[in-house]
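Trainee: Here you go, one structure.
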Amino acid sequence: MSFLKISNLSKKYANQPESAVTNVSFECNEGEFIAIVGENGSGKSTLLKLINGLIEPDQGSVFLENKKVKGPSENLVPGHPDINLLFQEFNLFPKHTVKENITYQLRYFSKDAQDERLNELIKVCKLEGLENKLPSELSGGQHQRVALARAMSDRPKLLLMDEPFSNLDVMLKDQIKIQVLDHLRKEGQTLIFITHDLGDALSLADRIMIMRAGQIVQLDVPEKIYEKPVDEYSAYLFGKVNIFDAENFFQSTGITGCKPTKSKISIRPEHFSITKDDKGDFKATVERIYYRGDSYEVVATVKNEITIRINTRKKNIFPGNEIMVKLIKSKIHFVD
């Protein structure tokens with residue numbers, strides 16, 4: 001039995017020409033972290049609202065622990081009691097203190113239970129000293145940390161978060177992000193979160209869902225998403241990538257032994273390396289060099305026919321230099 005099962009979910013808003021979500025189906029295991037990524041307007045936020053029962057689907061269903069999540073037409077108060085959704089807008093109670101906002105979900109718990117959970121979340125979200133402040137006295141990053149603590153407070157069966165770390169202060173972002181997600185892991189929390197930080201998606205999620213135009217393009221483990229994207233959109237979404245016409249690439253480089261299965265090739269810049277003449281696969285001429293902090297990005301041409309991007313830590317490479325390039329052939333990936 002699936003913990004969360006989404007079947008053929010679709011939603012079109014009356015004022016929009018295209019559907020926000022179209023025929024989306026997937027399952028989520030208990031305790032799993034799924035990151036949702038995609039361009040703006042791809043249906044990510046709408047999907048979370050559908051899962052939580054906040055808006056009515058045009059078709060399809062959501063089941064949590066084999067029980068249907070009902071939409072507004074079947075619920076006097078929209079939403080599901082065992083699902084918490086952290087909105088981008090935070091929605092804190094303006095006339096209530098930080099402490100009161102966090103413990104609101106715990107109002108039916110004993111005073112001791114409230115205090116214990118409050119103290120725990122204050123530490124996890126680094127809110128020490130802010131307990132008695134009103135939202136109007138907080139910064140944007142502090143607002144987000146309070147909203148995070150409130151969403152976590154009653155340990156929902158399913159936690160949905162829309163850009164949960166986007167407004168955090170730069171100096172605290174990584175520390176709080178790790179603390180919060182480690183805490184959720186320890187509690188066995190099931191989490192689905194939207195993020196535009198692709199590094200977060202790759203490093204923090206068990207699986208990544210790529211959405212485009214209201215549909216799931218790819219849903220897989222981070223390694224597969226990065227190394228084996230299903231198309232150009234998915235490849236470019238996760239950083240620098242070389243996309244070549246397959247026939248042209250093999251003719252230009254002279255590389256053999258790979259039978260094209262699709263018309264294009266995807267190769268990440270780190271899968272090329274600059275090496276000695278007798279160890280390389282083909283020659284290239286350096287056109288431009290960009291310093292990236294921990295490495296250099298070298299842009300080079302091969303026989304004036306294709307342009308490649310290479311990540312390297314080698315220094316003393318200059319425009320006009322002829323270099324020998326080696327490719328990890330197992331990293332050649334064919335895409336549509």
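To be explicit about the labels: the chains of the structure tokens are called A, B, and onward in the order shown, and within each one the residues are counted from 1, while ligands get numbers from 1 in the order they are shown.
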Excluding same-chain residues fewer than 5 positions from Lys70 of chain A, what lies within 9 Å of it counting only C-alpha atoms, as a tab-separated table (two decimals) with C-alpha atoms, in the first residue's frame?
Mentor:
chain	number	residue	atom	x	y	z
A	52	ASN	CA	-3.58	19.16	0.40
A	53	GLY	CA	-7.22	19.36	-0.72
A	54	LEU	CA	-7.20	23.17	-0.80
A	56	GLU	CA	-10.78	21.07	-6.34
A	61	SER	CA	-7.62	11.66	-6.98
A	62	VAL	CA	-5.28	11.91	-4.01
A	63	PHE	CA	-5.07	9.12	-1.44
A	75	ASN	CA	-15.02	19.74	3.17
A	78	PRO	CA	-10.59	23.16	2.85
A	79	GLY	CA	-7.44	21.22	3.59
A	80	HIS	CA	-6.51	17.95	5.25
Trainee: Extract, using only C-alpha atoms, all DNA, RNA and protein residues at most 12 Å from Thr195 of chain A, discarding same-chain residues fewer than 4 positions from it, and format them as a list in words.
Mentor: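 Surrounding residues, per the criterion: Ile34, Ala35, Ile36, Val37, Gly38, Glu39, Asn40, Lys44, Ser45, Gln88, Leu160, Met161, Asp162, Glu163, Pro164, Phe165, Ser166, Asn167, Gly199, Asp200, Ala201, Leu202, Leu204, Ala205, Ile208, Met209, Ile210 and Met211 of chain A.
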Trainee: Enter the distance from atom CA of Lys283 of chain A to atom CA of Thr253 of chain A, in Å, rounded to one decimal.
Mentor: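 Atom CA of Thr253 of chain A lies 7.8 Å from atom CA of Lys283 of chain A.
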Trainee: Please provide as a list in words all residues within 9 Å of segment 302-305 of chain A, with the sequence filter that same-chain residues fewer than 3 positions apart are discarded (counting only C-alpha atoms).
Mentor: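 The filter keeps Asn248, Phe249, Ser252, Thr253, Phe282, Lys283, Ala284, Thr285 and Ile308 of chain A.
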Trainee: Could you turn the residues from that selection into a file that holds C-alpha atoms, as a PDB file, in the first residue's frame?
Mentor:
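And here's out15.pdb as it stands now:
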ATOM      1  CA  ASN A 248      28.118  15.790 -35.847  1.00  0.00           C
ATOM      2  CA  PHE A 249      29.784  15.121 -32.471  1.00  0.00           C
ATOM      3  CA  SER A 252      34.098  16.020 -35.318  1.00  0.00           C
ATOM      4  CA  THR A 253      35.797  14.226 -32.414  1.00  0.00           C
ATOM      5  CA  PHE A 282      40.639  14.670 -29.684  1.00  0.00           C
ATOM      6  CA  LYS A 283      42.154  18.139 -30.085  1.00  0.00           C
ATOM      7  CA  ALA A 284      40.383  21.433 -29.459  1.00  0.00           C
ATOM      8  CA  THR A 285      41.234  25.138 -29.626  1.00  0.00           C
ATOM      9  CA  ILE A 308      32.500  22.297 -25.964  1.00  0.00           C
TER      10      ILE A 308
END
Trainee: Using DSSP on the backbone, list every residue of segment 53-233 of chain A that comes out as alpha helix (DSSP H), and give them as a PyMOL selection string.
Mentor: chain A and resi 98-103+111-124+140-152+170-186+198-204+222-227+232-233
Trainee: Select, from A:Ser295, A:Gln114, A:Ser153, A:Asn132, the residue with the minimum atom-to-atom distance to Lys95 of chain A, counting only C-alpha atoms.
Mentor: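 Checking each of A:Ser295, A:Gln114, A:Ser153, A:Asn132 against Lys95 of chain A, counting only C-alpha atoms, the winner is A:Asn132.
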Trainee: Among segment 210-283 of chain A, which residues carry a DSSP assignment of strand (DSSP E or B), reported as a list of chain:residue names?
Mentor: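 Reading the DSSP output for segment 210-283 of chain A, strand (DSSP E or B) covers A:Ile210, A:Met211, A:Arg212, A:Gln215, A:Ile216, A:Val217, A:Gln218, A:Leu219, A:Asp220, A:Asn242, A:Ile243, A:Phe244, A:Asp245, A:Lys264, A:Ile265, A:Ser266, A:Ile267, A:Phe272, A:Ser273, A:Ile274, A:Thr275, A:Phe282, A:Lys283.
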Trainee: Taking only C-alpha atoms into account, produce a table as CSV in which each residue of segment 245-266 of chain A with an atom at most 12 Å from an atom of segment 222-229 of chain A appears once, together with its shortest atom pair and the distance in Å to one decimal, ordered by chain and rising number.
Mentor:
residue,atom,partner,partner_atom,distance
A:Lys264,CA,A:Pro229,CA,11.8
A:Ile265,CA,A:Lys228,CA,10.5
A:Ser266,CA,A:Pro229,CA,8.1
Trainee: Just all heavy atoms for this one: save the residues we selected as an mmCIF file, in the first residue's frame.
Mentor:
data_model
loop_
_atom_site.group_PDB
_atom_site.id
_atom_site.type_symbol
_atom_site.label_atom_id
_atom_site.label_comp_id
_atom_site.auth_asym_id
_atom_site.auth_seq_id
_atom_site.Cartn_x
_atom_site.Cartn_y
_atom_site.Cartn_z
ATOM 1 N N LYS A 264 20.396 13.449 -30.221
ATOM 2 C CA LYS A 264 21.274 14.385 -29.543
ATOM 3 C C LYS A 264 22.025 13.722 -28.395
ATOM 4 O O LYS A 264 21.616 12.677 -27.893
ATOM 5 C CB LYS A 264 20.468 15.572 -29.017
ATOM 6 C CG LYS A 264 19.849 16.417 -30.119
ATOM 7 C CD LYS A 264 19.051 17.583 -29.548
ATOM 8 C CE LYS A 264 18.415 18.400 -30.679
ATOM 9 N NZ LYS A 264 17.605 19.524 -30.151
ATOM 10 N N ILE A 265 23.120 14.389 -28.003
ATOM 11 C CA ILE A 265 23.964 13.898 -26.912
ATOM 12 C C ILE A 265 24.027 14.953 -25.822
ATOM 13 O O ILE A 265 24.143 16.144 -26.095
ATOM 14 C CB ILE A 265 25.394 13.610 -27.411
ATOM 15 C CG1 ILE A 265 25.422 12.371 -28.304
ATOM 16 C CG2 ILE A 265 26.345 13.389 -26.245
ATOM 17 C CD1 ILE A 265 26.783 12.117 -28.902
ATOM 18 N N SER A 266 23.962 14.496 -24.571
ATOM 19 C CA SER A 266 24.133 15.369 -23.402
ATOM 20 C C SER A 266 25.392 14.939 -22.663
ATOM 21 O O SER A 266 25.531 13.769 -22.303
ATOM 22 C CB SER A 266 22.903 15.242 -22.486
ATOM 23 O OG SER A 266 23.188 15.723 -21.199
#
Trainee: I'd like to know which of A:Met171, A:His196, A:Val180, A:Asn66 is closest to Ile122 of chain A, using only C-alpha atoms.
Mentor: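 Nearest candidate to Ile122 of chain A out of A:Met171, A:His196, A:Val180, A:Asn66: A:Val180.
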